[in-house]
There are 6 protein chains.
Amino acid sequence: MELTLISGTANPPLAEGIAAQLGLPLGRRVLQRFPDGELHVEIAESVRGHDVYLLQPTSPPTDAHLFELFLLADACRRAGASRLTAVIPYFGYARQDRRASGREPVAARLVADLLQTAGLHRIVAVDLHTSAVEGFFPMPIEHVSAIPLLADAIRADLPANAVIVAPDLGAVKLAERYAGRLQRPSAFVCKSRLSGEAVRVDKIVGDVQGRVPVIVDDMISTGGTIAAAFQALQEAGAAAEAVIVVASHGLFVGPAVVRMRELPLLRIVVTDSVSSTITTEFPLQQESLKTLLADVIRRLHDQESLGDLLVHR
Amino acid sequence: MELTLISGTANPPLAEGIAAQLGLPLGRRVLQRFPDGELHVEIAESVRGHDVYLLQPTSPPTDAHLFELFLLADACRRAGASRLTAVIPYFGYARQDRRASGREPVAARLVADLLQTAGLHRIVAVDLHTSAVEGFFPMPIEHVSAIPLLADAIRADLPANAVIVAPDLGAVKLAERYAGRLQRPSAFVCKSRLSGEAVRVDKIVGDVQGRVPVIVDDMISTGGTIAAAFQALQEAGAAAEAVIVVASHGLFVGPAVVRMRELPLLRIVVTDSVSSTITTEFPLQQESLKTLLADVIRRLHDQESLGDLLVHR
Amino acid sequence: MELTLISGTANPPLAEGIAAQLGLPLGRRVLQRFPDGELHVEIAESVRGHDVYLLQPTSPPTDAHLFELFLLADACRRAGASRLTAVIPYFGYARQDRRASGREPVAARLVADLLQTAGLHRIVAVDLHTSAVEGFFPMPIEHVSAIPLLADAIRADLPANAVIVAPDLGAVKLAERYAGRLQRPSAFVCKSRLSGEAVRVDKIVGDVQGRVPVIVDDMISTGGTIAAAFQALQEAGAAAEAVIVVASHGLFVGPAVVRMRELPLLRIVVTDSVSSTITTEFPLQQESLKTLLADVIRRLHDQESLGDLLVHR
Amino acid sequence: MELTLISGTANPPLAEGIAAQLGLPLGRRVLQRFPDGELHVEIAESVRGHDVYLLQPTSPPTDAHLFELFLLADACRRAGASRLTAVIPYFGYARQDRRASGREPVAARLVADLLQTAGLHRIVAVDLHTSAVEGFFPMPIEHVSAIPLLADAIRADLPANAVIVAPDLGAVKLAERYAGRLQRPSAFVCKSRLSGEAVRVDKIVGDVQGRVPVIVDDMISTGGTIAAAFQALQEAGAAAEAVIVVASHGLFVGPAVVRMRELPLLRIVVTDSVSSTITTEFPLQQESLKTLLADVIRRLHDQESLGDLLVHR
Amino acid sequence: MELTLISGTANPPLAEGIAAQLGLPLGRRVLQRFPDGELHVEIAESVRGHDVYLLQPTSPPTDAHLFELFLLADACRRAGASRLTAVIPYFGYARQDRRASGREPVAARLVADLLQTAGLHRIVAVDLHTSAVEGFFPMPIEHVSAIPLLADAIRADLPANAVIVAPDLGAVKLAERYAGRLQRPSAFVCKSRLSGEAVRVDKIVGDVQGRVPVIVDDMISTGGTIAAAFQALQEAGAAAEAVIVVASHGLFVGPAVVRMRELPLLRIVVTDSVSSTITTEFPLQQESLKTLLADVIRRLHDQESLGDLLVHR
Amino acid sequence: MELTLISGTANPPLAEGIAAQLGLPLGRRVLQRFPDGELHVEIAESVRGHDVYLLQPTSPPTDAHLFELFLLADACRRAGASRLTAVIPYFGYARQDRRASGREPVAARLVADLLQTAGLHRIVAVDLHTSAVEGFFPMPIEHVSAIPLLADAIRADLPANAVIVAPDLGAVKLAERYAGRLQRPSAFVCKSRLSGEAVRVDKIVGDVQGRVPVIVDDMISTGGTIAAAFQALQEAGAAAEAVIVVASHGLFVGPAVVRMRELPLLRIVVTDSVSSTITTEFPLQQESLKTLLADVIRRLHDQESLGDLLVHR
């Protein structure tokens, strides 16, 4: 079974990086929009009997990127691909994983089902917002982690007195994983009515006094959580300089650029799961997932175990 | 079983028109986009046990409008709607109904399957690009026609010497239906190598000499087909003034406005299947589908026959 | 459509309580085990065309209780029930909601799919271990909360200086909901390497000094989490007497009884989601779900909104 | 994976021809009817793990031929075939591709779904009545064309003044493909009320005066369309001798033989997609699909591209 | 919900009888065969929202009758029928209920799945060849018995010394049911190598000496089993005159008429599950299922229990 | 594709025997029960791309053994197994193969569907209670027979005057298969109202006078059928000593041990399909299925025919 890697339009540079790692050219495909905005897809080389990987983070514009993935999958299925795997480094709609206030969709589950309908046999995802999303997919999903990669990226220059900070409760386990790898203590920000008052305030749990904070999260969207955490850290006496922010996914939407620019950041380290044109606005460092994802693809293709790459509880 | 009509964002005026015809308020829903572009949907009133109709043409931007429809359907399904019908006056991707050149998707079929996955039980569509698309849907589909409505709209002022013209072979049957209703002869434009030459030329079949052409089609997208037909009609000696164009769906994308403005049109008559802001660019007349679709919904809700409203071969 | 409520063997007293609230007799059924341990099920009255509710918490022995539910559902489906709802006050396997260490099942998703195969159309669950489990079910699920009921049960005697304590991070939101309803501050226990040391210690976040702790959780299984939280509270100077423990589900398996007996508890308040024979071992107070679930069933049957009863984020 | 070709009873000579081309014996199977008319099927050799191709045009009697195909597929599936492809050179019910007059089935879609249920993974079809039928199949379908083969068959003796004639609008594109390949002009017959009169008359579009017509169509059923076209050609002054008729599928049912005999035909050229016993009634020339279909099967088996053999728009 | 009964072509007289019992006209439908043998179906009145029953025994020609049923079901489904029940008084292919010799289909299961695909929600069958066939259907099946009806038909004239005889082991339970109802002893024919010899001989078990045999079976196909049983009865000293044969289904195919004529039969009593033109060849008495099936349909429509009409083990 | 055999807890010795025959170690897996009785499963080695066989008879406790199988299958599926076959030497719930008295499940069908949902692609079963159960499975099932193995086990010492006895009508065909292989006559016990009396008595059909009976059945559950047959044989004058009992499956539940001890048995011969701890209570001889099942697995893995091992009608 031949291996073919095809890229959607969401992140061609990452796709090219992976292909180079694999020593393969990218599968040729034509993606064009008609004047009415409808997408037309064509696979420009035979994939009959191939083990096909479609690289497409479902980053903004999520709907369009998802649709492109559906169409690419349908085209490959009809063209006789033997196995169809979607490599989705950033999985949009993951945060809509429950009905929060009543008559809502469970969008993450719906997307998982739509991907099944489009003909995909397997999914590869990176640092999903919550691990339980794994249970939404009808097909097997390989949930791999960029934490080792990102931890390595900041290890060399990490001050001895750094503290790994989770900006909210949802990131506590993530912070502990970083703390364990980097041999630093961890702390977290907790937004609660701890004192029984009406308003919720951010409180720091853990010793951050005089320490350089490394704020870690799964993703940076508008930057609001990071900015609030920074504020709380300041009030708790953490170092106000050379702050590091680390996240698997850097979306930087809405007011994110403004917010990030206002922080005294040493650097923001994210992967290239989401294609970005932001380069000079603030000290952004992108660590490429290409080696990790090329490894995942190669192992899947060669039927080898992925055990050491998966996100564990 | 209570009837609820909910509108997506693709065509709220039409939805309001239908609701008014039905004597019902539109079902309340919240549709908002998060800063990262993900759509959030919430149904703001109980639909438990209701017979719910979701009004959403999948006009440009088609992907976003489709996704909205998927999310609305999933929300209604989870909220206990008894029956879910999508009313899709304009069905995007209908022209991708076969693999034209090889390794392509059959997008129209794929969309039909995705609608099924989203939880819809039934579809209402108007003047689909080809009737065979009906066979793509796993669930029942009611395919109704706007031709009677549009024919009525031009009947009063129609010159005695008018000729109904199909701008290509695909519209011949459509033109015959109009011709029958309006008691006028029909003609068509035929793009062929009829004389064995290398280039294909537009040729008029039927008697148009000195007659006022009424060009009819299922949809106007970029206006190219209409413009070419007008050119051919001119060369064949048809009247060059007071030309009428009639189509079920008026998308007017890309160069359409420019093209339409250049024609000596008396008027362009379309339905309001697609929401449009074009009002003064050219003599556009929109006939509302509200009465037709309200009738369809009422009959479906009351379990009455739709026979006389359906598109027949 | 007639309403029929049928009970499995997991919790007949609760079923009877619900039936009494609904003013209905329980649907008659025969459940027997053959000498080889195979279960035989028979519905002893007509359910043709009925709206049938099967009451069965999937408490231990979970496998047997699930199987009973599958067989009851298949029997009702074949007997012509119009709608089949499983009311599962305690949903076993909910904690196996991801692959924790590699080649594991996602048992919660698997069970959801098996329930679908058995013919169920809808699920009612109470205080699931994580809300994301909602996304595992292919059919609609109504996820209702026992928190209002339990908060009411302790409100009258609640000391002014009580503090609501989450015994781990997973229960923080739950504790906040109780705190909001009971107008008391909240705190939580956090098991972390906060100081960078190798061992993880339980630390209290929030002011508990001299306060009477009310430990809240979604369930009590072996009681280990509660006991550890009590220990940490003691070390943090909380009152060591009249401690209250509140949980939606009281399983009390393994060393739970021993552990609970050793704590200076005023009382343990749980619902009757799980049938229990423990009555005198420790001060257990069971608040019945019968009124809540009867209300849910009646509203579902009458097609009314459940909005105010659902668990919200 | 071993390749096995098994024939139903609809066209054993074609199956044998394909097998010979592939250098394989036909897979042995037993097909017998019990006295009550029920069909019994048995595969008489192991197909476990094989790549199995079932050759069965669903020509008249269509129901029986389809059922045979269902039973063969089920037998192969249960016997462990790894991949099951139905090669259906003539696909019955293709013309029932929409609801023409109201409460009808969409038989072509239904048959596609039934083939899926019977266990088939892929379909090979030849010159379907409309390409949109491709979108009816849930599984991939390879739609190949016999036009190159048939064009080659008449090229040698084709008069210089031949004109390729489509007998109705549905065949216009087909005629153009033949015209392109054979370097001759094309024309078509058009049944319309072009002059506004009540009756519809056949009119020739294109220059046929004094030319030898080659009437092309996808299939000849009762021959009525061909006969009417001939009549119209005569009236338009086409040559009345040595007329050639070419079609992918020759069913010759009902009055076809009588009609064909009455035409001054040089020859009728069809493929052997449908098994025929007509040999001397009129000048019938059958071009075998065996080489084409053997090529398709070999490529599918060897996972090679079919691109150049597919029907394109 | 309105009730509509539509008949296929397999047994219109029975359908009319049922309709008369129900006090309803038969639903109008058009069933025609095109010259190429393809069936065209149209429902000639609205069934939107109706509770539709399709009456079609799948008697010979089984394939054609099944296909008709598939097409009728698809037409009704698309036309908006709310519930679709196939009433199949004789279910063909029921005897192919296992793989007897290896690589065969399990045709009875396949047909059950095809019926599901065609859109049927429920099946009504009469005296299936084996009750286990019930487990083949994915949808609920009501398996009713004609035994009470047939027993009543022979009770009046039954000689005091009659003995109910099962012509093979498969009919022993059936014979006991008749014996119980008719208060007569039973016996059976057993084809075994009881004495260890190579050949199998028919042996009578039970006391038949001088008694009038009533041979009962689920169906008479070619009559071979009945004829052999008669021969064995003679050898065992049973009365050679006034023999009665009773079966739920009378197919009478192949040599059946000849065989039956040769027996000294008082009468053969069957139901009208299979439409028959045999009236004078031998003393055939047809008991109509119309009352039974009208009762079944009425109860299903009115959501009443069928318990007393079902076949029990 | 690599072959991996994994055992559930139902019969590890048999699994080890099969693995030894195949020259493979058993696949490592962890199966543990949490204190609340929920099962936790983990596959402890890579199965990605493997051809996995799960050995698990669904013997008592059937529910728990089935659930274990579901969880193992789900774990393997998610871990990337290419093909998943359940080898179920004893299939529980097989006797619930129809609705016996009305509103019951068809448990055997339900279990078959649940196995499909759990991700299994194929089943291997041994001597199912009825062959029609084959038709319950949506996936292919290989139904193999232990009769040759068991017949060989008793051949050597079989007395010349032995008679093979079916203890009820359901076992007659089984007895004939043994009789044919062992060259002995057969007889059977028949529980009927043969003489018209109210009570049913066991009667022997066939010559057993003075012969040594070999009672054969598909399974021994409580031993009641065997004991009753022995009693009837005594009354019919069969030898009262050295009786042999042969069955494919030995469950020995409830009063079985007591009953067996009371019979003057030479020996009871069963396979090891069900794990047993009974060794000295009565003269039990277990013939291992390990060679047969290892052969089946090897052939399936090597894509060879199983024809000669299957149960035929």
# chains A, B, ... in the order shown; residues from 1 in each chain; ligands from 1
call {"tool": "closest_atom_pairs", "arguments": {"of": "chain F", "to": "chain A", "cutoff": "8 Å", "atoms": "only C-alpha atoms", "output": "CSV"}}
result
residue,atom,partner,partner_atom,distance
F:Ser46,CA,A:Ser305,CA,5.5
F:Val47,CA,A:Ser305,CA,7.8
F:Arg48,CA,A:Gln303,CA,5.3
F:Gly49,CA,A:Gln303,CA,5.2
F:Arg77,CA,A:Pro140,CA,7.1
F:Arg78,CA,A:Pro140,CA,4.7
F:Ala79,CA,A:Pro140,CA,7.5
F:Gly80,CA,A:Pro140,CA,7.3
call {"tool": "write_last_selection", "arguments": {"atoms": "N, CA and C atoms", "output": "mmCIF file, in the first residue's frame"}}
result
data_model
loop_
_atom_site.group_PDB
_atom_site.id
_atom_site.type_symbol
_atom_site.label_atom_id
_atom_site.label_comp_id
_atom_site.auth_asym_id
_atom_site.auth_seq_id
_atom_site.Cartn_x
_atom_site.Cartn_y
_atom_site.Cartn_z
ATOM 1 N N SER F 46 1.348 -4.025 21.025
ATOM 2 C CA SER F 46 0.774 -3.416 19.829
ATOM 3 C C SER F 46 0.004 -4.448 19.002
ATOM 4 N N VAL F 47 -1.194 -4.052 18.581
ATOM 5 C CA VAL F 47 -1.952 -4.895 17.648
ATOM 6 C C VAL F 47 -2.236 -4.126 16.362
ATOM 7 N N ARG F 48 -1.574 -3.008 16.202
ATOM 8 C CA ARG F 48 -1.806 -2.185 15.027
ATOM 9 C C ARG F 48 -1.552 -2.973 13.747
ATOM 10 N N GLY F 49 -2.574 -3.042 12.923
ATOM 11 C CA GLY F 49 -2.440 -3.759 11.662
ATOM 12 C C GLY F 49 -2.513 -5.267 11.791
ATOM 13 N N ARG F 77 -9.972 -2.434 18.334
ATOM 14 C CA ARG F 77 -10.388 -1.594 17.223
ATOM 15 C C ARG F 77 -9.725 -0.227 17.316
ATOM 16 N N ARG F 78 -9.778 0.373 18.486
ATOM 17 C CA ARG F 78 -9.171 1.695 18.652
ATOM 18 C C ARG F 78 -7.655 1.631 18.516
ATOM 19 N N ALA F 79 -7.089 0.473 18.853
ATOM 20 C CA ALA F 79 -5.634 0.337 18.780
ATOM 21 C C ALA F 79 -5.167 -0.017 17.376
ATOM 22 N N GLY F 80 -6.105 -0.065 16.422
ATOM 23 C CA GLY F 80 -5.698 -0.207 15.030
ATOM 24 C C GLY F 80 -5.619 -1.619 14.490
#
call {"tool": "select_by_dssp", "arguments": {"residues": "region 105-139 of chain D", "states": "strand (DSSP E)", "output": "PDB file with N, CA, C and O atoms, in the first residue's frame"}}
result
ATOM      1  N   ARG D 122     -18.098  -2.058  -4.427  1.00  0.00           N
ATOM      2  CA  ARG D 122     -17.771  -1.199  -5.565  1.00  0.00           C
ATOM      3  C   ARG D 122     -18.534  -1.682  -6.782  1.00  0.00           C
ATOM      4  O   ARG D 122     -18.824  -2.862  -6.913  1.00  0.00           O
ATOM      5  N   ILE D 123     -18.838  -0.756  -7.662  1.00  0.00           N
ATOM      6  CA  ILE D 123     -19.594  -1.080  -8.872  1.00  0.00           C
ATOM      7  C   ILE D 123     -18.784  -0.633 -10.086  1.00  0.00           C
ATOM      8  O   ILE D 123     -18.119   0.402 -10.044  1.00  0.00           O
ATOM      9  N   VAL D 124     -18.861  -1.413 -11.142  1.00  0.00           N
ATOM     10  CA  VAL D 124     -18.352  -0.984 -12.448  1.00  0.00           C
ATOM     11  C   VAL D 124     -19.546  -0.950 -13.388  1.00  0.00           C
ATOM     12  O   VAL D 124     -20.284  -1.936 -13.480  1.00  0.00           O
ATOM     13  N   ALA D 125     -19.768   0.185 -14.037  1.00  0.00           N
ATOM     14  CA  ALA D 125     -20.890   0.303 -14.963  1.00  0.00           C
ATOM     15  C   ALA D 125     -20.392   0.888 -16.278  1.00  0.00           C
ATOM     16  O   ALA D 125     -19.340   1.541 -16.315  1.00  0.00           O
ATOM     17  N   VAL D 126     -21.175   0.662 -17.319  1.00  0.00           N
ATOM     18  CA  VAL D 126     -20.796   1.132 -18.655  1.00  0.00           C
ATOM     19  C   VAL D 126     -21.890   2.044 -19.201  1.00  0.00           C
ATOM     20  O   VAL D 126     -23.061   1.632 -19.265  1.00  0.00           O
TER      21      VAL D 126
END
call {"tool": "atom_distance", "arguments": {"atom1": "CA of Phe230 (chain E)", "atom2": "CA of Pro185 (chain F)"}}
result
25.2 Å
call {"tool": "closest_residue", "arguments": {"among": "F:Arg98, F:Arg83, F:Arg177, F:Arg103", "to": "Gly135 (chain E)", "atoms": "only C-alpha atoms"}}
result
F:Arg98
